[in-house]
Every structure is written in structure tokens, then in C-alpha cells.
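Q: Got a structure for you, questions after.
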Amino acid sequence: MLRAQVDECRFSRWYPQFRSSSIKSTVIPLSKEFVEYLKHAQVVSEQENQFPELAQQVKEVIALYGGKVFPKLNWSSPKDASWMLCGNTLMCQSFDDIVLLLKSSDFVAHDLSFPYEHCDDVAVDRQVEVQDGTYELVLRQWYTLHPSNEFRCFVRNNEIIGISQRDTTNYYPFLKEKIDDYQEIIFELFEDKIQGKFADPSFVLDIYINPGNEKAFIMDFNPFGPTTDPLLFRWESLSAMTVYDCRIVKSEEHIPKQAAYAHNRFPREVFDYSKDGETVYGAMARIHEAMQEGMNE
């Protein structure tokens, strides 16, 4: 995997070409000051006062999309930090919601500090900046998506070699009956809209199928390499596969016992903010209260 291949999966690189097959999204370039804030500063309740121009841009986009969005940076969304918001969700209704998720996410921290990890043309011990120095906040129109209908497609040399159920922590009995139909839908979208059109011949594609009308949407492009979760596959097998395979969780016995992203649960600031003898959950409650007070001032 090369640095250029990772850059081709930046949201702003692929979205203009494939927007008709994706969901409505807006890209906002981020200042170096805000990026540094995401990297190092503690969670506070006056983010809007610190970055008024960005906060105003975000408010306008949220209003444009009906009051609800979900955020991501160049590559990753803060899905490992969804527990930070009430309802365990990525649905954001304010600038503070977005900042809290971004600062609490290990996935976002990886984007900021080690975007080219595992690239053959970047030294292992080097922390390399994004190619053009630009980080971007992506705000996507909020939809309530069914995790059962999210799929990850592994494309090598412009051919799908594998499809995996995206949510590997749950068993969905109906998928056994629907998976053949869903594979046809995915291949139709791929052959009509994607095959041979993406900048790199090998990539990983995230697809969502609307259970109502069974229309497929492009959710994301990811590098074909170890920085992307292979889910029900292994990268060793994906690199050598010669026969297409589709994998779903076939029974409850196959569900991992550990909760998704359990190792990412608490950002450093939660521990810094906690008082002697206080649980991290108590500290989290006080953080939420402080942020709510800041929003109401």
C-alpha cells in the first residue's frame, strides 16, 4: 500500500465523482489551529467561542440538512466514540456534539497523527502530515441506518473478491435469506457506477442497502490494506484469494464477546477530568453538564 493510494480514499477526492450514488455531504477545510486543538487540547465547553467562523459554518450545514448530521474527517468517522452522545449515536445537532466526538475518537486521532501507517513509501517511525496539509471536516446528512444492511466490499484489480457483513457484533437471521439478493444489488451498483472509475484498481468499498426500496448507496472508499478492518476476512487471505466469497455472521455463536471498540472507550481527558475516587462515568456526566451549561450561556 502506497501513500498515494491512501490519499485517493480521502472523502473530498472521491465524493465529487460518486456523489450521485452517495448521500448528501458537505466538506469544510479545517484550520491548523483547530487540528492542533483536536490533537492536544482538553475537552472544554467554549468551543464555539474559540472557533467562531468554523462553528458558524457548521451551524449552517446542520440547518441545511434538517438539523442533524454525522461527522467524519478525511478518512475516518468517530464511530468508536458514539457512546459519548446520548443514545450511543453519531447523530450531531450542534458544533459541540461534533467536537466532542472528534476529540474522543481513536480513529480520528489516527487520521490526524498517522494517516500513512503501513504505507511502503513512508518510514515506519515517521509521523507524516497529509499530502497537501489539509484536513477536512465532512458533515453528512443524517439518516437512521440499519447496521444489518451495511456491507464492506473488497476490490482487487477492479474485481470484487469478497463481501463482508459490516456489523460483525450481531447475528441477523434474515440475512441468510436476503444475502443472495443483496449481493446482486451490490454487484449491479459496482458494475454500473464504480468499476474502472475509481482512481486505484484495488480498494475497499462500504455499501449501504436501503431495506425499504433496496437501493444501494456508496458510504465510503478505504485503502486496500491493513489500515482497513477486514471484518470477517483476514488480510493474508484477501491478498491471495482467487475465488470470490461472501461472509455473514451465521449464528450467535460467531458473535465476538467483546463489545465493538471496547478498547477505545475512554479518551485521556476523561481520566484527567475525573476527581479522586470518581468513576469515569461520573466524570463523563460532569463533562456533559459543563458542555450543556456552556451551550446555554
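Labels for the C-alpha cells follow display order: chains A, B, ..., residues from 1 in each chain, ligands from 1.
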Got a sec: who's within 7 Å of A:Met219, counting only C-alpha atoms, leaving out chain neighbours fewer than 5 positions off, as a ChimeraX atom specification?
A: /A:22,206-208
Q: Taking only stretch 24-224 of chain A into account, list the residues labelled strand (DSSP E) by DSSP (computed from the backbone), as an mmCIF file with N, CA and C atoms, in the first residue's frame.
A:
data_model
loop_
_atom_site.group_PDB
_atom_site.id
_atom_site.type_symbol
_atom_site.label_atom_id
_atom_site.label_comp_id
_atom_site.auth_asym_id
_atom_site.auth_seq_id
_atom_site.Cartn_x
_atom_site.Cartn_y
_atom_site.Cartn_z
ATOM 1 N N SER A 25 -23.529 15.444 1.337
ATOM 2 C CA SER A 25 -22.439 15.741 2.271
ATOM 3 C C SER A 25 -21.818 17.086 1.932
ATOM 4 N N THR A 26 -21.227 17.714 2.944
ATOM 5 C CA THR A 26 -20.536 18.992 2.780
ATOM 6 C C THR A 26 -19.148 18.882 3.395
ATOM 7 N N VAL A 27 -18.138 19.391 2.673
ATOM 8 C CA VAL A 27 -16.751 19.342 3.136
ATOM 9 C C VAL A 27 -16.317 20.736 3.572
ATOM 10 N N ILE A 28 -15.774 20.843 4.797
ATOM 11 C CA ILE A 28 -15.299 22.113 5.337
ATOM 12 C C ILE A 28 -13.809 21.995 5.658
ATOM 13 N N PRO A 29 -12.932 22.750 4.978
ATOM 14 C CA PRO A 29 -11.500 22.714 5.312
ATOM 15 C C PRO A 29 -11.275 23.200 6.743
ATOM 16 N N LEU A 30 -10.335 22.563 7.429
ATOM 17 C CA LEU A 30 -10.052 22.907 8.816
ATOM 18 C C LEU A 30 -8.745 23.688 8.938
ATOM 19 N N VAL A 69 -26.711 15.856 11.497
ATOM 20 C CA VAL A 69 -25.641 15.398 10.612
ATOM 21 C C VAL A 69 -24.824 14.342 11.333
ATOM 22 N N PHE A 70 -23.990 13.629 10.567
ATOM 23 C CA PHE A 70 -22.955 12.835 11.221
ATOM 24 C C PHE A 70 -21.610 13.183 10.605
ATOM 25 N N PRO A 71 -20.570 13.284 11.435
ATOM 26 C CA PRO A 71 -19.289 13.844 11.005
ATOM 27 C C PRO A 71 -18.231 12.789 10.725
ATOM 28 N N LYS A 72 -17.223 13.206 9.981
ATOM 29 C CA LYS A 72 -16.008 12.424 9.806
ATOM 30 C C LYS A 72 -14.900 13.381 9.383
ATOM 31 N N TYR A 135 -6.647 19.197 6.345
ATOM 32 C CA TYR A 135 -7.617 18.302 6.967
ATOM 33 C C TYR A 135 -9.000 18.889 6.753
ATOM 34 N N GLU A 136 -9.964 18.024 6.657
ATOM 35 C CA GLU A 136 -11.315 18.455 6.321
ATOM 36 C C GLU A 136 -12.330 17.830 7.259
ATOM 37 N N LEU A 137 -13.331 18.609 7.596
ATOM 38 C CA LEU A 137 -14.483 18.101 8.329
ATOM 39 C C LEU A 137 -15.579 17.812 7.321
ATOM 40 N N VAL A 138 -16.052 16.589 7.333
ATOM 41 C CA VAL A 138 -17.130 16.183 6.434
ATOM 42 C C VAL A 138 -18.411 16.043 7.253
ATOM 43 N N LEU A 139 -19.434 16.757 6.854
ATOM 44 C CA LEU A 139 -20.736 16.650 7.508
ATOM 45 C C LEU A 139 -21.710 16.012 6.527
ATOM 46 N N ARG A 140 -22.271 14.891 6.930
ATOM 47 C CA ARG A 140 -23.159 14.129 6.056
ATOM 48 C C ARG A 140 -24.581 14.181 6.586
ATOM 49 N N GLN A 141 -25.534 14.281 5.685
ATOM 50 C CA GLN A 141 -26.928 14.326 6.104
ATOM 51 C C GLN A 141 -27.256 13.082 6.915
ATOM 52 N N GLU A 150 -25.414 -2.862 6.143
ATOM 53 C CA GLU A 150 -24.134 -2.289 5.753
ATOM 54 C C GLU A 150 -23.169 -3.421 5.378
ATOM 55 N N PHE A 151 -22.474 -3.227 4.265
ATOM 56 C CA PHE A 151 -21.566 -4.269 3.769
ATOM 57 C C PHE A 151 -20.243 -3.655 3.327
ATOM 58 N N ARG A 152 -19.193 -4.410 3.511
ATOM 59 C CA ARG A 152 -17.858 -3.989 3.089
ATOM 60 C C ARG A 152 -17.414 -4.883 1.933
ATOM 61 N N CYS A 153 -17.030 -4.250 0.826
ATOM 62 C CA CYS A 153 -16.636 -4.971 -0.384
ATOM 63 C C CYS A 153 -15.135 -4.779 -0.622
ATOM 64 N N PHE A 154 -14.454 -5.869 -0.847
ATOM 65 C CA PHE A 154 -13.010 -5.834 -1.086
ATOM 66 C C PHE A 154 -12.761 -5.993 -2.580
ATOM 67 N N VAL A 155 -12.170 -4.947 -3.165
ATOM 68 C CA VAL A 155 -11.968 -4.891 -4.617
ATOM 69 C C VAL A 155 -10.478 -4.969 -4.921
ATOM 70 N N ARG A 156 -10.098 -5.966 -5.708
ATOM 71 C CA ARG A 156 -8.703 -6.107 -6.119
ATOM 72 C C ARG A 156 -8.649 -6.170 -7.638
ATOM 73 N N GLU A 159 -12.024 -5.932 -9.462
ATOM 74 C CA GLU A 159 -12.980 -7.027 -9.314
ATOM 75 C C GLU A 159 -13.280 -7.223 -7.829
ATOM 76 N N ILE A 160 -14.564 -7.386 -7.485
ATOM 77 C CA ILE A 160 -14.914 -7.680 -6.109
ATOM 78 C C ILE A 160 -14.499 -9.111 -5.790
ATOM 79 N N ILE A 161 -13.637 -9.264 -4.800
ATOM 80 C CA ILE A 161 -13.192 -10.604 -4.417
ATOM 81 C C ILE A 161 -13.843 -11.070 -3.120
ATOM 82 N N GLY A 162 -14.442 -10.145 -2.380
ATOM 83 C CA GLY A 162 -15.078 -10.537 -1.134
ATOM 84 C C GLY A 162 -16.047 -9.489 -0.632
ATOM 85 N N ILE A 163 -17.104 -9.940 0.036
ATOM 86 C CA ILE A 163 -18.076 -9.060 0.683
ATOM 87 C C ILE A 163 -18.265 -9.557 2.105
ATOM 88 N N SER A 164 -18.234 -8.626 3.056
ATOM 89 C CA SER A 164 -18.423 -8.983 4.459
ATOM 90 C C SER A 164 -19.548 -8.160 5.070
ATOM 91 N N GLN A 165 -20.310 -8.796 5.921
ATOM 92 C CA GLN A 165 -21.251 -8.076 6.778
ATOM 93 C C GLN A 165 -20.457 -7.032 7.553
ATOM 94 N N PHE A 203 -9.208 -1.378 -3.812
ATOM 95 C CA PHE A 203 -9.737 -0.534 -2.747
ATOM 96 C C PHE A 203 -10.787 -1.320 -1.978
ATOM 97 N N VAL A 204 -11.259 -0.723 -0.898
ATOM 98 C CA VAL A 204 -12.325 -1.332 -0.097
ATOM 99 C C VAL A 204 -13.504 -0.369 -0.102
ATOM 100 N N LEU A 205 -14.663 -0.901 -0.367
ATOM 101 C CA LEU A 205 -15.856 -0.103 -0.603
ATOM 102 C C LEU A 205 -16.915 -0.433 0.436
ATOM 103 N N ASP A 206 -17.454 0.587 1.097
ATOM 104 C CA ASP A 206 -18.556 0.390 2.035
ATOM 105 C C ASP A 206 -19.871 0.764 1.366
ATOM 106 N N ILE A 207 -20.824 -0.158 1.435
ATOM 107 C CA ILE A 207 -22.106 -0.013 0.762
ATOM 108 C C ILE A 207 -23.232 -0.143 1.780
ATOM 109 N N TYR A 208 -24.266 0.675 1.598
ATOM 110 C CA TYR A 208 -25.469 0.533 2.404
ATOM 111 C C TYR A 208 -26.644 0.244 1.486
ATOM 112 N N ILE A 209 -27.476 -0.725 1.880
ATOM 113 C CA ILE A 209 -28.663 -1.071 1.103
ATOM 114 C C ILE A 209 -29.899 -0.666 1.898
ATOM 115 N N ALA A 216 -28.954 0.738 -3.322
ATOM 116 C CA ALA A 216 -27.631 0.719 -2.708
ATOM 117 C C ALA A 216 -26.975 2.090 -2.803
ATOM 118 N N PHE A 217 -26.240 2.456 -1.755
ATOM 119 C CA PHE A 217 -25.541 3.731 -1.693
ATOM 120 C C PHE A 217 -24.077 3.501 -1.330
ATOM 121 N N ILE A 218 -23.206 4.316 -1.921
ATOM 122 C CA ILE A 218 -21.793 4.306 -1.546
ATOM 123 C C ILE A 218 -21.640 5.098 -0.257
ATOM 124 N N MET A 219 -21.054 4.480 0.758
ATOM 125 C CA MET A 219 -20.818 5.157 2.019
ATOM 126 C C MET A 219 -19.380 5.638 2.142
ATOM 127 N N ASP A 220 -18.439 4.847 1.629
ATOM 128 C CA ASP A 220 -17.042 5.238 1.788
ATOM 129 C C ASP A 220 -16.142 4.383 0.909
ATOM 130 N N PHE A 221 -14.958 4.931 0.614
ATOM 131 C CA PHE A 221 -13.860 4.187 -0.005
ATOM 132 C C PHE A 221 -12.723 4.117 1.014
ATOM 133 N N ASN A 222 -12.084 2.956 1.104
ATOM 134 C CA ASN A 222 -10.988 2.757 2.048
ATOM 135 C C ASN A 222 -9.800 2.111 1.341
ATOM 136 N N PRO A 223 -8.590 2.311 1.864
ATOM 137 C CA PRO A 223 -7.414 1.686 1.252
ATOM 138 C C PRO A 223 -7.474 0.160 1.329
#
Q: Distance table requested - stretch 26-86 of chain A against stretch 10-16 of chain A, cut-off 9 Å, only C-alpha atoms: one row per qualifying residue with the closest atom pair and its distance in Å to one decimal, ordered by chain and rising residue number, as a Markdown table.
A:
| residue | atom | partner | partner_atom | distance |
| --- | --- | --- | --- | --- |
| A:Val27 | CA | A:Ser12 | CA | 7.0 |
| A:Leu73 | CA | A:Phe11 | CA | 8.0 |
| A:Asn74 | CA | A:Arg10 | CA | 5.1 |
| A:Trp75 | CA | A:Arg10 | CA | 5.4 |
Q: Given only C-alpha atoms as the basis, pick out the residue of A:His254, A:Asn88, A:Ser113, A:Phe198 nearest to A:Gln17.
A: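 Between A:His254, A:Asn88, A:Ser113, A:Phe198, the residue approaching A:Gln17 most closely is A:Phe198.
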Q: May I have the residues within 8 Å of A:Lys103 as a PyMOL selection string, using only C-alpha atoms and disregarding those fewer than 2 positions away in the same chain?
A: chain A and resi 38-39+43+99-101+105+108-109+267
Q: Record the distance separating atom CA of A:Gly66 and atom CA of A:Ser31, expressed in Å with one decimal.
A: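 Interatomic distance, atom CA of A:Gly66 to atom CA of A:Ser31: 25.8 Å.
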Q: Neighbouring residues of stretch 229-234 of chain A were defined as those with any atom within 8 Å, considering only C-alpha atoms; residues of the same chain fewer than 2 positions away were excluded. Please report them as an NGL selection string.
A: :A and (164-166 or 168 or 226-227 or 236-238 or 247-248)
Q: Using only C-alpha atoms, which protein or nucleic acid residues come within 9 Å of A:Ser76? Drop anything in the same chain fewer than 5 positions from it, and give the result as an mmCIF file with all heavy atoms, in the first residue's frame.
A:
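around34.cif written:
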data_model
loop_
_atom_site.group_PDB
_atom_site.id
_atom_site.type_symbol
_atom_site.label_atom_id
_atom_site.label_comp_id
_atom_site.auth_asym_id
_atom_site.auth_seq_id
_atom_site.Cartn_x
_atom_site.Cartn_y
_atom_site.Cartn_z
ATOM 1 N N PHE A 107 -10.012 6.641 16.191
ATOM 2 C CA PHE A 107 -9.943 6.581 14.731
ATOM 3 C C PHE A 107 -9.581 7.945 14.152
ATOM 4 O O PHE A 107 -8.781 8.046 13.223
ATOM 5 C CB PHE A 107 -11.284 6.111 14.150
ATOM 6 C CG PHE A 107 -11.653 4.699 14.524
ATOM 7 C CD1 PHE A 107 -12.972 4.299 14.523
ATOM 8 C CD2 PHE A 107 -10.685 3.778 14.874
ATOM 9 C CE1 PHE A 107 -13.318 2.996 14.863
ATOM 10 C CE2 PHE A 107 -11.010 2.482 15.218
ATOM 11 C CZ PHE A 107 -12.345 2.090 15.212
ATOM 12 N N VAL A 108 -10.184 8.991 14.701
ATOM 13 C CA VAL A 108 -9.874 10.344 14.260
ATOM 14 C C VAL A 108 -8.443 10.701 14.640
ATOM 15 O O VAL A 108 -7.707 11.318 13.858
ATOM 16 C CB VAL A 108 -10.875 11.348 14.860
ATOM 17 C CG1 VAL A 108 -10.392 12.781 14.662
ATOM 18 C CG2 VAL A 108 -12.248 11.164 14.232
ATOM 19 N N HIS A 110 -5.985 8.760 14.820
ATOM 20 C CA HIS A 110 -5.110 8.078 13.859
ATOM 21 C C HIS A 110 -5.032 8.869 12.561
ATOM 22 O O HIS A 110 -3.951 9.035 11.976
ATOM 23 C CB HIS A 110 -5.622 6.663 13.592
ATOM 24 C CG HIS A 110 -4.744 5.870 12.677
ATOM 25 N ND1 HIS A 110 -4.855 5.945 11.304
ATOM 26 C CD2 HIS A 110 -3.731 5.009 12.931
ATOM 27 C CE1 HIS A 110 -3.946 5.144 10.760
ATOM 28 N NE2 HIS A 110 -3.256 4.576 11.719
ATOM 29 N N ASP A 111 -6.174 9.375 12.096
ATOM 30 C CA ASP A 111 -6.182 10.216 10.885
ATOM 31 C C ASP A 111 -5.265 11.418 11.053
ATOM 32 O O ASP A 111 -4.557 11.820 10.126
ATOM 33 C CB ASP A 111 -7.601 10.723 10.611
ATOM 34 C CG ASP A 111 -8.426 9.766 9.771
ATOM 35 O OD1 ASP A 111 -8.007 8.604 9.612
ATOM 36 O OD2 ASP A 111 -9.496 10.174 9.297
#
Q: Per DSSP on the backbone, what are the helix (DSSP H, G or I) residues of stretch 66-120 of chain A, as a PyMOL selection string?
A: chain A and resi 79-84+95-104+106-113
Q: Can I get the selected residues back with N, CA and C atoms, as an mmCIF file, in the first residue's frame?
A:
data_model
loop_
_atom_site.group_PDB
_atom_site.id
_atom_site.type_symbol
_atom_site.label_atom_id
_atom_site.label_comp_id
_atom_site.auth_asym_id
_atom_site.auth_seq_id
_atom_site.Cartn_x
_atom_site.Cartn_y
_atom_site.Cartn_z
ATOM 1 N N LYS A 79 -16.796 6.652 14.925
ATOM 2 C CA LYS A 79 -17.774 5.642 15.338
ATOM 3 C C LYS A 79 -17.391 4.941 16.629
ATOM 4 N N ASP A 80 -16.112 4.957 16.973
ATOM 5 C CA ASP A 80 -15.692 4.363 18.243
ATOM 6 C C ASP A 80 -16.035 5.242 19.434
ATOM 7 N N ALA A 81 -16.513 6.458 19.174
ATOM 8 C CA ALA A 81 -16.838 7.392 20.255
ATOM 9 C C ALA A 81 -18.329 7.685 20.338
ATOM 10 N N SER A 82 -19.159 6.911 19.668
ATOM 11 C CA SER A 82 -20.604 7.179 19.654
ATOM 12 C C SER A 82 -21.206 7.144 21.052
ATOM 13 N N TRP A 83 -20.587 6.397 21.948
ATOM 14 C CA TRP A 83 -21.080 6.296 23.324
ATOM 15 C C TRP A 83 -21.013 7.629 24.064
ATOM 16 N N MET A 84 -20.271 8.591 23.525
ATOM 17 C CA MET A 84 -20.135 9.888 24.178
ATOM 18 C C MET A 84 -21.428 10.712 24.117
ATOM 19 N N PHE A 95 -22.378 22.112 17.078
ATOM 20 C CA PHE A 95 -20.923 22.130 16.943
ATOM 21 C C PHE A 95 -20.260 21.392 18.100
ATOM 22 N N ASP A 96 -20.780 21.575 19.317
ATOM 23 C CA ASP A 96 -20.210 20.903 20.486
ATOM 24 C C ASP A 96 -20.314 19.386 20.367
ATOM 25 N N ASP A 97 -21.439 18.891 19.851
ATOM 26 C CA ASP A 97 -21.581 17.440 19.647
ATOM 27 C C ASP A 97 -20.461 16.920 18.754
ATOM 28 N N ILE A 98 -20.216 17.637 17.672
ATOM 29 C CA ILE A 98 -19.226 17.206 16.690
ATOM 30 C C ILE A 98 -17.826 17.206 17.289
ATOM 31 N N VAL A 99 -17.477 18.277 17.981
ATOM 32 C CA VAL A 99 -16.143 18.369 18.570
ATOM 33 C C VAL A 99 -15.935 17.291 19.626
ATOM 34 N N LEU A 100 -16.948 17.030 20.428
ATOM 35 C CA LEU A 100 -16.834 16.002 21.459
ATOM 36 C C LEU A 100 -16.552 14.638 20.840
ATOM 37 N N LEU A 101 -17.239 14.304 19.770
ATOM 38 C CA LEU A 101 -16.998 13.031 19.097
ATOM 39 C C LEU A 101 -15.595 12.970 18.493
ATOM 40 N N LEU A 102 -15.203 14.035 17.809
ATOM 41 C CA LEU A 102 -13.901 14.033 17.144
ATOM 42 C C LEU A 102 -12.761 13.898 18.145
ATOM 43 N N LYS A 103 -12.866 14.602 19.264
ATOM 44 C CA LYS A 103 -11.786 14.574 20.247
ATOM 45 C C LYS A 103 -11.757 13.270 21.042
ATOM 46 N N SER A 104 -12.851 12.539 21.034
ATOM 47 C CA SER A 104 -12.933 11.308 21.825
ATOM 48 C C SER A 104 -12.598 10.061 21.017
ATOM 49 N N ASP A 106 -10.386 7.464 18.793
ATOM 50 C CA ASP A 106 -9.062 6.967 18.415
ATOM 51 C C ASP A 106 -8.913 6.907 16.901
ATOM 52 N N PHE A 107 -10.012 6.641 16.191
ATOM 53 C CA PHE A 107 -9.943 6.581 14.731
ATOM 54 C C PHE A 107 -9.581 7.945 14.152
ATOM 55 N N VAL A 108 -10.184 8.991 14.701
ATOM 56 C CA VAL A 108 -9.874 10.344 14.260
ATOM 57 C C VAL A 108 -8.443 10.701 14.640
ATOM 58 N N ALA A 109 -8.030 10.317 15.839
ATOM 59 C CA ALA A 109 -6.653 10.585 16.267
ATOM 60 C C ALA A 109 -5.653 9.930 15.321
ATOM 61 N N HIS A 110 -5.985 8.760 14.820
ATOM 62 C CA HIS A 110 -5.110 8.078 13.859
ATOM 63 C C HIS A 110 -5.032 8.869 12.561
ATOM 64 N N ASP A 111 -6.174 9.375 12.096
ATOM 65 C CA ASP A 111 -6.182 10.216 10.885
ATOM 66 C C ASP A 111 -5.265 11.418 11.053
ATOM 67 N N LEU A 112 -5.283 11.997 12.248
ATOM 68 C CA LEU A 112 -4.533 13.219 12.497
ATOM 69 C C LEU A 112 -3.042 12.981 12.664
ATOM 70 N N SER A 113 -2.666 11.847 13.214
ATOM 71 C CA SER A 113 -1.264 11.616 13.566
ATOM 72 C C SER A 113 -0.545 10.606 12.685
#
Q: Measuring atom to atom with only C-alpha atoms, identify which of A:Cys119, A:Val249, A:Tyr65, A:Ser239 is nearest to A:Leu175.
A: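 When distances to A:Leu175 are compared using only C-alpha atoms, the smallest one comes from A:Val249.
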Q: What is the distance between atom CA of A:Glu214 and atom CA of A:Ala63, in Å to one decimal?
A: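 Going from atom CA of A:Glu214 over to atom CA of A:Ala63, I get 28.2 Å.
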